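This is model.txt (compact mmCIF, C-alpha atoms).
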# COMPACT_ATOMS: atom_id res chain seq x y z
CA MET A 269 113.41 84.74 81.19
CA ALA A 270 112.55 83.30 84.60
CA SER A 271 109.81 80.70 84.98
CA LEU A 272 106.87 81.19 87.32
CA ASP A 273 108.15 78.26 89.40
CA ALA A 274 111.48 79.96 89.96
CA LEU A 275 109.90 83.31 90.81
CA LEU A 276 107.29 81.82 93.16
CA ASP A 277 109.61 79.70 95.26
CA PRO A 278 111.36 82.53 97.18
CA VAL A 279 108.13 84.46 97.85
CA LEU A 280 105.89 81.56 98.90
CA ASP A 281 106.57 81.89 102.64
CA ALA A 282 105.69 85.59 102.58
CA ALA A 283 102.66 84.94 100.37
CA TYR A 284 101.38 82.35 102.85
CA GLY A 285 102.01 84.76 105.73
CA LEU A 286 100.03 87.47 103.96
CA ALA A 287 97.23 85.01 103.14
CA LEU A 288 97.16 83.71 106.71
CA ARG A 289 96.79 87.19 108.15
CA LEU A 290 94.10 88.10 105.60
CA THR A 291 92.04 84.94 106.13
CA ARG A 292 93.00 84.16 109.76
CA ASP A 293 92.68 80.47 108.93
CA ARG A 294 95.41 78.07 107.83
CA ALA A 295 93.26 76.05 105.42
CA ASP A 296 91.70 79.21 103.92
CA ALA A 297 95.18 80.70 103.58
CA GLU A 298 96.39 77.68 101.61
CA ASP A 299 93.32 77.87 99.37
CA LEU A 300 93.90 81.58 98.82
CA VAL A 301 97.54 81.07 97.81
CA GLN A 302 96.45 78.27 95.48
CA ASP A 303 93.87 80.59 93.86
CA ALA A 304 96.54 83.25 93.48
CA VAL A 305 98.93 80.78 91.82
CA LEU A 306 96.17 79.78 89.39
CA GLN A 307 95.51 83.45 88.57
CA ALA A 308 99.25 84.07 88.24
CA LEU A 309 99.50 81.19 85.79
CA LYS A 310 96.73 82.74 83.68
CA GLY A 311 98.21 86.24 83.81
CA PHE A 312 101.91 85.46 83.78
CA GLY A 313 102.22 86.60 80.17
CA THR A 314 101.28 90.13 81.25
CA PHE A 315 103.95 90.26 83.98
CA ASP A 316 106.83 92.58 83.05
CA GLN A 317 109.96 90.68 84.07
CA GLN A 318 111.86 93.95 84.36
CA LEU A 319 109.81 94.57 87.52
CA PRO A 320 110.03 92.72 90.85
CA PHE A 321 107.79 89.66 91.00
CA LYS A 322 106.72 89.81 94.64
CA PRO A 323 104.59 92.99 94.44
CA TRP A 324 102.90 91.66 91.30
CA PHE A 325 102.08 88.31 92.88
CA PHE A 326 100.92 89.91 96.13
CA ARG A 327 98.61 92.13 94.14
CA VAL A 328 97.16 89.03 92.46
CA LEU A 329 96.74 87.42 95.90
CA VAL A 330 95.03 90.49 97.39
CA ASN A 331 92.66 90.64 94.40
CA CYS A 332 91.82 86.97 94.95
CA TYR A 333 91.18 87.69 98.63
CA ARG A 334 88.91 90.62 97.80
CA GLY A 335 87.01 88.46 95.32
CA ARG A 336 86.56 85.71 97.89
CA HIS A 337 85.74 88.12 100.69
CA ARG A 338 82.92 89.74 98.76
CA LYS A 339 81.32 86.31 98.59
CA SER A 340 81.71 85.66 102.30
CA THR A 341 79.90 87.36 105.14
CA ARG A 342 81.81 85.44 107.79
CA GLU A 343 83.11 87.71 110.47
CA VAL A 344 84.96 86.70 113.58
CA ALA A 345 85.12 88.41 116.91
CA THR A 346 87.58 91.26 117.00
CA LEU A 347 88.77 93.88 119.42
CA PRO A 348 86.19 96.46 120.37
CA LEU A 349 86.94 99.79 118.76
CA GLU A 350 88.60 101.21 121.81
CA ASP A 351 91.49 103.42 120.96
CA ALA A 352 94.78 103.09 122.71
CA SER A 353 97.03 106.08 123.00
CA GLU A 354 99.36 106.45 120.06
CA LEU A 355 102.37 105.75 122.23
CA TYR A 356 100.80 102.91 124.19
CA LEU A 357 103.80 100.59 124.26
CA PHE A 358 106.24 103.46 124.67
CA GLU A 359 104.38 104.50 127.82
CA ARG A 360 103.99 100.94 129.14
CA THR A 361 107.62 100.00 128.62
CA ALA A 362 108.66 103.30 130.20
CA GLY A 363 106.55 102.24 133.19
CA LEU A 364 108.67 99.10 133.42
CA GLY A 365 111.82 101.21 133.63
CA TRP A 366 113.09 99.95 130.26
CA HIS A 367 113.92 103.41 128.89
CA GLY A 368 117.16 105.28 129.32
CA GLY A 369 119.37 102.20 129.26
CA PRO A 370 121.63 100.87 126.53
CA ASP A 371 118.96 98.59 125.03
CA ASP A 372 116.22 99.66 122.64
CA PRO A 373 113.02 99.12 124.70
CA ALA A 374 110.99 98.32 121.56
CA VAL A 375 113.42 95.55 120.71
CA THR A 376 113.43 94.32 124.33
CA PHE A 377 109.63 94.07 124.21
CA MET A 378 109.40 92.49 120.77
CA ASP A 379 112.13 89.95 121.57
CA ARG A 380 109.56 88.44 123.96
CA MET A 381 106.90 88.13 121.26
CA THR A 382 106.68 85.16 118.90
CA ALA A 383 105.56 85.40 115.29
CA GLU A 384 102.34 83.66 116.35
CA ALA A 385 101.67 86.22 119.09
CA VAL A 386 102.21 89.12 116.69
CA GLY A 387 99.94 87.41 114.15
CA ALA A 388 97.26 86.90 116.80
CA ALA A 389 97.44 90.57 117.77
CA LEU A 390 96.96 91.59 114.15
CA ASP A 391 94.12 89.09 113.73
CA ALA A 392 92.24 90.72 116.61
CA LEU A 393 91.86 94.08 114.89
CA PRO A 394 88.43 95.01 113.47
CA GLU A 395 88.13 93.93 109.84
CA SER A 396 88.56 97.21 107.99
CA TYR A 397 91.54 98.18 110.14
CA ARG A 398 93.06 94.73 110.00
CA VAL A 399 93.13 94.48 106.20
CA VAL A 400 94.83 97.88 105.83
CA ALA A 401 97.36 96.94 108.53
CA VAL A 402 98.08 93.55 106.95
CA LEU A 403 98.75 95.12 103.55
CA TYR A 404 100.93 97.71 105.26
CA PHE A 405 103.05 95.22 107.16
CA TYR A 406 103.43 92.67 104.37
CA GLN A 407 103.97 94.99 101.43
CA ASP A 408 106.36 97.88 101.23
CA LEU A 409 103.74 100.14 99.70
CA SER A 410 102.79 103.79 100.02
CA TYR A 411 99.42 104.72 101.52
CA ALA A 412 98.34 105.64 97.97
CA ALA A 413 99.24 102.19 96.66
CA ILE A 414 97.34 100.48 99.50
CA ALA A 415 94.37 102.76 98.81
CA GLU A 416 94.48 101.83 95.14
CA GLN A 417 94.62 98.10 95.97
CA LEU A 418 91.59 98.35 98.24
CA GLY A 419 89.65 100.93 96.25
CA ILE A 420 89.36 103.36 99.17
CA PRO A 421 90.58 106.96 99.63
CA VAL A 422 94.17 107.60 100.79
CA GLY A 423 92.86 109.53 103.80
CA THR A 424 90.90 106.46 104.86
CA VAL A 425 94.05 104.32 104.63
CA ARG A 426 95.95 106.87 106.71
CA SER A 427 93.34 107.13 109.47
CA ARG A 428 92.68 103.38 109.62
CA LEU A 429 96.37 102.59 109.67
CA HIS A 430 97.12 105.04 112.46
CA ARG A 431 94.30 103.65 114.59
CA ALA A 432 95.22 100.07 113.68
CA ARG A 433 98.77 100.64 114.89
CA ALA A 434 97.55 102.04 118.19
CA MET A 435 95.12 99.11 118.67
CA LEU A 436 97.85 96.65 117.69
CA GLN A 437 100.13 98.04 120.39
CA ARG A 438 97.39 97.64 122.97
CA ARG A 439 96.72 94.05 121.91
CA LEU A 440 100.42 93.18 121.89
CA TRP A 441 100.66 94.43 125.46
CA GLN A 442 97.60 92.43 126.50
CA ILE A 443 99.05 89.27 124.96
CA ALA A 444 102.38 89.88 126.69
CA GLU A 445 100.60 90.27 130.02
CA GLU A 446 98.29 87.29 129.54
CA SER A 447 101.24 85.12 128.52
CA GLY A 448 103.25 86.15 131.56
CA LEU A 449 105.89 87.81 129.38
CA ILE A 450 105.46 91.03 131.32
CA ASP A 451 105.32 91.34 135.09
CA ARG A 452 101.77 92.61 135.69
CA ALA A 453 102.63 94.03 139.09
CA ALA A 454 105.64 95.91 137.77
CA ALA A 455 103.56 97.14 134.86
CA GLY A 456 100.86 98.46 137.16
CA GLY A 457 98.36 95.69 136.39
CA GLU A 458 96.68 97.62 133.60
CA SER A 459 95.79 95.98 130.30
CA MET B 148 109.23 129.29 118.14
CA ALA B 149 110.18 130.18 114.59
CA PRO B 150 107.33 129.52 112.14
CA ASP B 151 109.44 127.07 110.11
CA ARG B 152 109.94 124.79 113.11
CA TYR B 153 107.42 122.40 114.58
CA THR B 154 106.44 122.30 118.21
CA CYS B 155 106.41 118.92 119.96
CA GLU B 156 102.65 118.70 119.40
CA GLU B 157 102.95 119.49 115.71
CA ALA B 158 105.76 116.99 115.26
CA PHE B 159 103.92 114.31 117.26
CA ARG B 160 100.80 114.67 115.09
CA ARG B 161 102.96 113.82 112.09
CA LEU B 162 105.03 111.05 113.66
CA ASP B 163 103.25 108.07 112.02
CA ASP B 164 103.39 109.72 108.61
CA TYR B 165 107.01 110.66 109.20
CA VAL B 166 107.94 107.06 110.02
CA ASP B 167 106.22 105.98 106.79
CA ARG B 168 107.75 108.77 104.68
CA GLU B 169 104.26 109.96 103.82
CA LEU B 170 104.79 113.67 104.51
CA SER B 171 105.67 116.29 101.93
CA ALA B 172 109.39 116.97 101.61
CA ALA B 173 109.00 120.23 103.53
CA GLU B 174 107.06 118.57 106.37
CA GLN B 175 109.47 115.64 106.47
CA GLN B 176 112.33 118.12 106.85
CA ARG B 177 110.57 120.08 109.59
CA VAL B 178 109.94 116.93 111.63
CA ALA B 179 113.56 115.87 111.12
CA VAL B 180 114.78 119.24 112.37
CA HIS B 181 112.52 118.94 115.42
CA LEU B 182 113.80 115.43 116.20
CA GLU B 183 117.39 116.70 116.05
CA THR B 184 116.67 119.19 118.79
CA CYS B 185 114.10 117.41 120.98
CA ALA B 186 115.42 114.34 122.79
CA MET B 187 111.97 113.24 124.04
CA CYS B 188 110.34 113.30 120.60
CA ALA B 189 113.44 111.63 119.12
CA GLU B 190 113.12 108.82 121.67
CA GLU B 191 109.46 108.33 120.75
CA TYR B 192 110.32 108.26 117.07
CA VAL B 193 113.09 105.68 117.52
CA PHE B 194 110.73 103.51 119.59
CA GLU B 195 107.92 103.63 117.03
CA ALA B 196 110.24 102.96 114.10
CA SER B 197 111.88 100.04 115.91
CA LEU B 198 108.53 98.59 116.90
CA LEU B 199 107.20 98.64 113.33
CA ARG B 200 110.40 97.10 112.02
CA MET B 201 110.21 94.34 114.63
CA VAL B 202 106.53 93.62 113.91
CA ARG B 203 107.41 93.21 110.22
CA GLU B 204 110.37 91.03 111.10
CA ARG B 205 108.27 88.75 113.33
CA LEU B 206 105.51 88.40 110.74
CA ALA B 207 108.11 87.40 108.13
CA ARG B 208 109.07 84.37 110.21
CA ILE B 209 105.95 82.42 109.26
CA ALA B 210 106.79 79.70 106.74
CA ALA B 211 104.54 78.12 104.14
CA PRO B 212 103.58 74.58 105.19
CA ALA B 213 104.87 71.62 103.19
CA SER B 214 101.29 70.82 102.15
CA LEU B 215 101.00 74.18 100.41
CA ARG B 216 104.36 73.81 98.69
CA ALA B 217 103.19 70.41 97.42
CA ARG B 218 99.89 71.86 96.16
CA VAL B 219 101.68 74.68 94.33
CA ALA B 220 104.22 72.26 92.83
CA ALA B 221 101.34 70.09 91.57
CA LEU B 222 99.57 73.10 90.06
CA LEU B 223 102.68 74.22 88.25
CA ALA B 224 103.40 70.69 87.02
CA ASP B 225 99.87 70.36 85.61
CA ARG B 226 99.88 73.56 83.58
Just give me the structure as structure tokens.
Amino acid sequence: MASLDALLDPVLDAAYGLALRLTRDRADAEDLVQDAVLQALKGFGTFDQQLPFKPWFFRVLVNCYRGRHRKSTREVATLPLEDASELYLFERTAGLGWHGGPDDPAVTFMDRMTAEAVGAALDALPESYRVVAVLYFYQDLSYAAIAEQLGIPVGTVRSRLHRARAMLQRRLWQIAEESGLIDRAAAGGES
Amino acid sequence: MAPDRYTCEEAFRRLDDYVDRELSAAEQQRVAVHLETCAMCAEEYVFEASLLRMVRERLARIAAPASLRARVAALLADR
């Protein structure tokens, strides 16, 4: 039977990443992971070791986040709720002439983006969209499982996630332009 | 267009759910059939799927700081 120490070690980086995206603050993220470890210590006896540990621990972490978030009214500035087209980056990269060649244009674009830039783009989404998107990107869960974790209807997860992905594409493009990773003139100067 | 095949618009409306395997088996199959026969929609699908995979891959590159690892080690040692 594996110890909690042994199970935690390989998932700690991902747990911190999830916590960082949920809290958008390094110190808060560390505190959140610490809370989750404390809760995991208390509930470890209920964990079925036949099942994978990471989803169980992430669920504990998300519950801790939801508990903390209910106590906090802090809200930071986010993107206005302007929708981008669903194929925003497809259309923009096509405008750069990246399509039709041997390279995958999505990979060409993302190769220019750092982990920090992608995190910043996710952080900029409005709260309710951001949390659904964070759970989607960090956990390999169905819409139904995300809905169950957040206590919201599946249809709400679906609609928020679809809009979040469109907004995320728009923000990624803006970051790429602002950082000089994309030639504004070649891209038509739109952001 | 045969009724069991999606148009581009019908397939496009389901693209996000298709990427996430959130459609019914019948819908998933209909989108797959459309993508086999429509190069433009297939290109859009490959782009979206690649983009999501790359976003996940980038986000996974963030490492826990040493300070957190130390805090967790201390918590586990104290139990």
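Using only C-alpha atoms, the part of chain A that sits within 7 Å of chain B is made up of A:Asp273, A:Leu280, A:Asp281, A:Ala282, A:Tyr284, A:Gly285, A:Glu298, A:Gln302, A:Phe358, A:Ala374, A:Val375, A:Met378, A:Thr382, A:Ala383, A:Val386, A:Gly387, A:Phe405, A:His430.
Here CA of Thr291 (chain A) stands at a distance of 10.6 Å from CA of Arg334 (chain A).
Restricting the calculation to all atoms listed in the file, the smallest distance between Leu170 (chain B) and any of A:Gln417, A:Thr376, A:Gln437, A:Ser410 is found for A:Ser410.
Going from CA of Asp379 (chain A) to CA of Ala434 (chain A) covers 19.2 Å.
The point (112.1, 118.5, 116.0) has these residues within 10 Å of it, counting all atoms listed in the file: Arg152, Tyr153, Thr154, Cys155, Glu157, Ala158, Phe159, Gln176, Arg177, Val178, Ala179, Val180, His181, Leu182, Glu183, Thr184, Cys185, Ala186, Met187, Cys188 and Ala189 of chain B.
You will find CA of Leu286 (chain A) at 20.2 Å from CA of Arg431 (chain A).
Taking all atoms listed in the file into account, Leu319 (chain A) lies nearest to A:Leu275 out of the set A:Leu275, A:Val305, A:Ala283, A:Leu355.
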If you count all atoms listed in the file, which residues fall within 7 Å of Leu300 (chain A), apart from same-chain ones fewer than 3 positions away, as a ChimeraX atom specification?
/A:287,296-297,303-304,332-333
